[in-house]
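Q: Sharing a structure here in structure tokens format.
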Amino acid sequence: MANIATYAIAALLILGAALFAWMRSAQLVLSDEQYTLARYEPAPAHDFEWQEVGEHSYASNCRNCHGRDGQGWDQYPGLSDTARLFAAPGGREYLVELHLHGLTSPRWGAPMPSMGHLQDVELAAVLNHVLTHFGNTPPAGTRLYIPEDIAKLRGPKRTPWEVNELRPGEQALAPGRPAPESP
Ligand code: HEC
């Protein structure tokens with residue numbers, strides 16, 4: 001009797017391990033991101049083929065909040081203004097900082113979470129995707145992002161409020177400061 005129980009437990013353990021291994025491999029197939037990103041080792045130093053990764057990354061990291069077509073909803077802004085921010089002085093850096101550290105501003109009721117866990121390649125790609133979709137046209141002659149642009153700005157931790165201070169334009173309100181009177 002004791003033997004049967006031992007064998008049964010052993011069989012269950014083996015079955016469990018096999019099931020676990022199968023689930024893990026299925027998971028690897030499901031998240032092909034790492035696989036796709038592996039094509040970019042070492043990180044490209046010049047213009048690179050970001051289209052596929054950018055689209056994929058937008059769908060998995062941004063779409064829930066900003067909408068399928070970047071139209072935004074509820075507390076989440078639409079993204080049609082991104083190329084204007086990009087073109088403004090300091091805007092190029094601001095867009096990266098906002099992804100590295102997140103953003104909290106008085107403009108919207110929700111914060112933008114940090115995307116700093118994404119690799120440089122993926123962040124450059126998803127930013128380029130936004131800058132060329134949703135009604136955005138980057139100014140002619142400007143260089144889009146390459147992974148190095150992201151790597152350079154990975155530095156000391158900023159709070160999402162500090163990021164708001166970097167926003168180009170008059171809407172860059174500091175916490176608690178009243179909105180400027182409109183003329
Ligand atoms: C959990 C929801 C959420 C996710 C996921 C998210 N965002 Fe945001 N995003 C926000 C919110 C909320 C704001 C506005 C924050 C504020 O102004 O306080 C914002 C702001 C922005 C802005 C505009 C900043 C400005 O100054 O107008 C851009 C650009 C942006 N997000 C891009 C992205 C991209 C690209 C991704 C995916 C990599 C992404 N967001 C993922 C919620 C999200």
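Residues in the structure tokens are named by chain (A, B, ... in the order shown) and by number from 1 within that chain; ligands are numbered from 1 in the order shown.
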How would you report the residues lying within 8 Å of ligand 1, as a PyMOL selection string, if you count only C-alpha atoms and all ligand atoms?

A: chain A and resi 57-58+60-66+75-79+81-82+85+95+98-99+102-113+115+123+126-127+130+164+167

Q: Env of A:Ile146: 8 Å cut, atoms = only C-alpha atoms, seq-sep filter 2 positions within chain, self excluded. Answer as a VMD selection string.

A: chain A and resid 44 to 48 121 124 to 125 144 148 to 150

Q: Save out the residues we just selected, C-alpha atoms, as an mmCIF file, in the first residue's frame.

A:
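Result saved to out-v1.cif:
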data_model
loop_
_atom_site.group_PDB
_atom_site.id
_atom_site.type_symbol
_atom_site.label_atom_id
_atom_site.label_comp_id
_atom_site.auth_asym_id
_atom_site.auth_seq_id
_atom_site.Cartn_x
_atom_site.Cartn_y
_atom_site.Cartn_z
ATOM 1 C CA PRO A 44 22.144 49.657 -33.800
ATOM 2 C CA ALA A 45 24.089 52.940 -33.733
ATOM 3 C CA HIS A 46 22.276 54.468 -36.696
ATOM 4 C CA ASP A 47 18.825 54.461 -38.231
ATOM 5 C CA PHE A 48 17.327 51.061 -37.728
ATOM 6 C CA VAL A 121 15.833 49.507 -28.679
ATOM 7 C CA ALA A 124 13.286 54.101 -29.394
ATOM 8 C CA ALA A 125 11.073 51.961 -31.627
ATOM 9 C CA LEU A 144 14.042 59.920 -35.209
ATOM 10 C CA GLU A 148 21.665 55.488 -28.019
ATOM 11 C CA ASP A 149 19.340 58.486 -27.509
ATOM 12 C CA ILE A 150 17.593 56.487 -24.807
#

Q: Pick out the residues sitting within 9 Å of A:Phe86, and hand them over as a list in words; count only C-alpha atoms, and ignore anything fewer than 4 positions along from it in its own chain.

A: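 Once the nearby chain positions are removed, what remains is Asp81, Thr82, Gly90, Gly91, Arg92, Glu93, Tyr94, Leu95, Leu131, Pro138, Pro139 and Pro168 of chain A.
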
Q: Let's have the selection written as a compact mmCIF listing (two decimals), in the first residue's frame, with C-alpha atoms.

A:
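Here's the written file again22.txt:
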# COMPACT_ATOMS: atom_id res chain seq x y z
CA ASP A 81 0.26 66.08 -30.09
CA THR A 82 3.45 64.04 -29.76
CA GLY A 90 13.80 70.17 -25.14
CA GLY A 91 10.93 68.04 -26.40
CA ARG A 92 13.14 65.35 -27.79
CA GLU A 93 14.60 64.71 -24.34
CA TYR A 94 11.29 65.22 -22.57
CA LEU A 95 9.61 62.39 -24.47
CA LEU A 131 5.81 59.95 -33.94
CA PRO A 138 7.84 64.57 -37.35
CA PRO A 139 9.33 67.78 -38.73
CA PRO A 168 8.15 72.13 -23.32

Q: For the atom pair atom CA of A:Tyr40 and atom CA of A:Met23, what is the interatomic distance in Å to one decimal place?

A: 27.0 Å

Q: If you run DSSP over the backbone, which residues in stretch 103-182 of chain A end up alpha helix (DSSP H)? Put them as a ChimeraX atom specification.

A: /A:120-131,147-153,160-165

Q: Produce a file of the selected residues containing C-alpha atoms, as an mmCIF file, in the first residue's frame.

A:
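What follows is the written file result.cif:
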data_model
loop_
_atom_site.group_PDB
_atom_site.id
_atom_site.type_symbol
_atom_site.label_atom_id
_atom_site.label_comp_id
_atom_site.auth_asym_id
_atom_site.auth_seq_id
_atom_site.Cartn_x
_atom_site.Cartn_y
_atom_site.Cartn_z
ATOM 1 C CA ASP A 120 16.630 51.078 -25.302
ATOM 2 C CA VAL A 121 15.833 49.507 -28.679
ATOM 3 C CA GLU A 122 12.213 48.984 -27.793
ATOM 4 C CA LEU A 123 11.732 52.457 -26.335
ATOM 5 C CA ALA A 124 13.286 54.101 -29.394
ATOM 6 C CA ALA A 125 11.073 51.961 -31.627
ATOM 7 C CA VAL A 126 7.822 52.668 -29.801
ATOM 8 C CA LEU A 127 8.543 56.416 -29.706
ATOM 9 C CA ASN A 128 9.241 56.385 -33.440
ATOM 10 C CA HIS A 129 6.000 54.481 -33.957
ATOM 11 C CA VAL A 130 3.993 57.137 -32.108
ATOM 12 C CA LEU A 131 5.813 59.948 -33.939
ATOM 13 C CA PRO A 147 18.716 53.312 -28.989
ATOM 14 C CA GLU A 148 21.665 55.488 -28.019
ATOM 15 C CA ASP A 149 19.340 58.486 -27.509
ATOM 16 C CA ILE A 150 17.593 56.487 -24.807
ATOM 17 C CA ALA A 151 20.779 55.086 -23.260
ATOM 18 C CA LYS A 152 22.240 58.599 -22.897
ATOM 19 C CA LEU A 153 19.302 59.775 -20.823
ATOM 20 C CA PRO A 160 7.178 61.962 -12.380
ATOM 21 C CA TRP A 161 6.594 65.545 -11.159
ATOM 22 C CA GLU A 162 10.146 66.525 -12.081
ATOM 23 C CA VAL A 163 9.523 65.110 -15.533
ATOM 24 C CA ASN A 164 6.542 67.429 -15.856
ATOM 25 C CA GLU A 165 8.873 70.406 -15.300
#

Q: Give me every strand (DSSP E or B) residue in chain A, going by DSSP on the backbone, as JSON, numbers by chain.

A: {"A": [73, 76, 103, 112]}
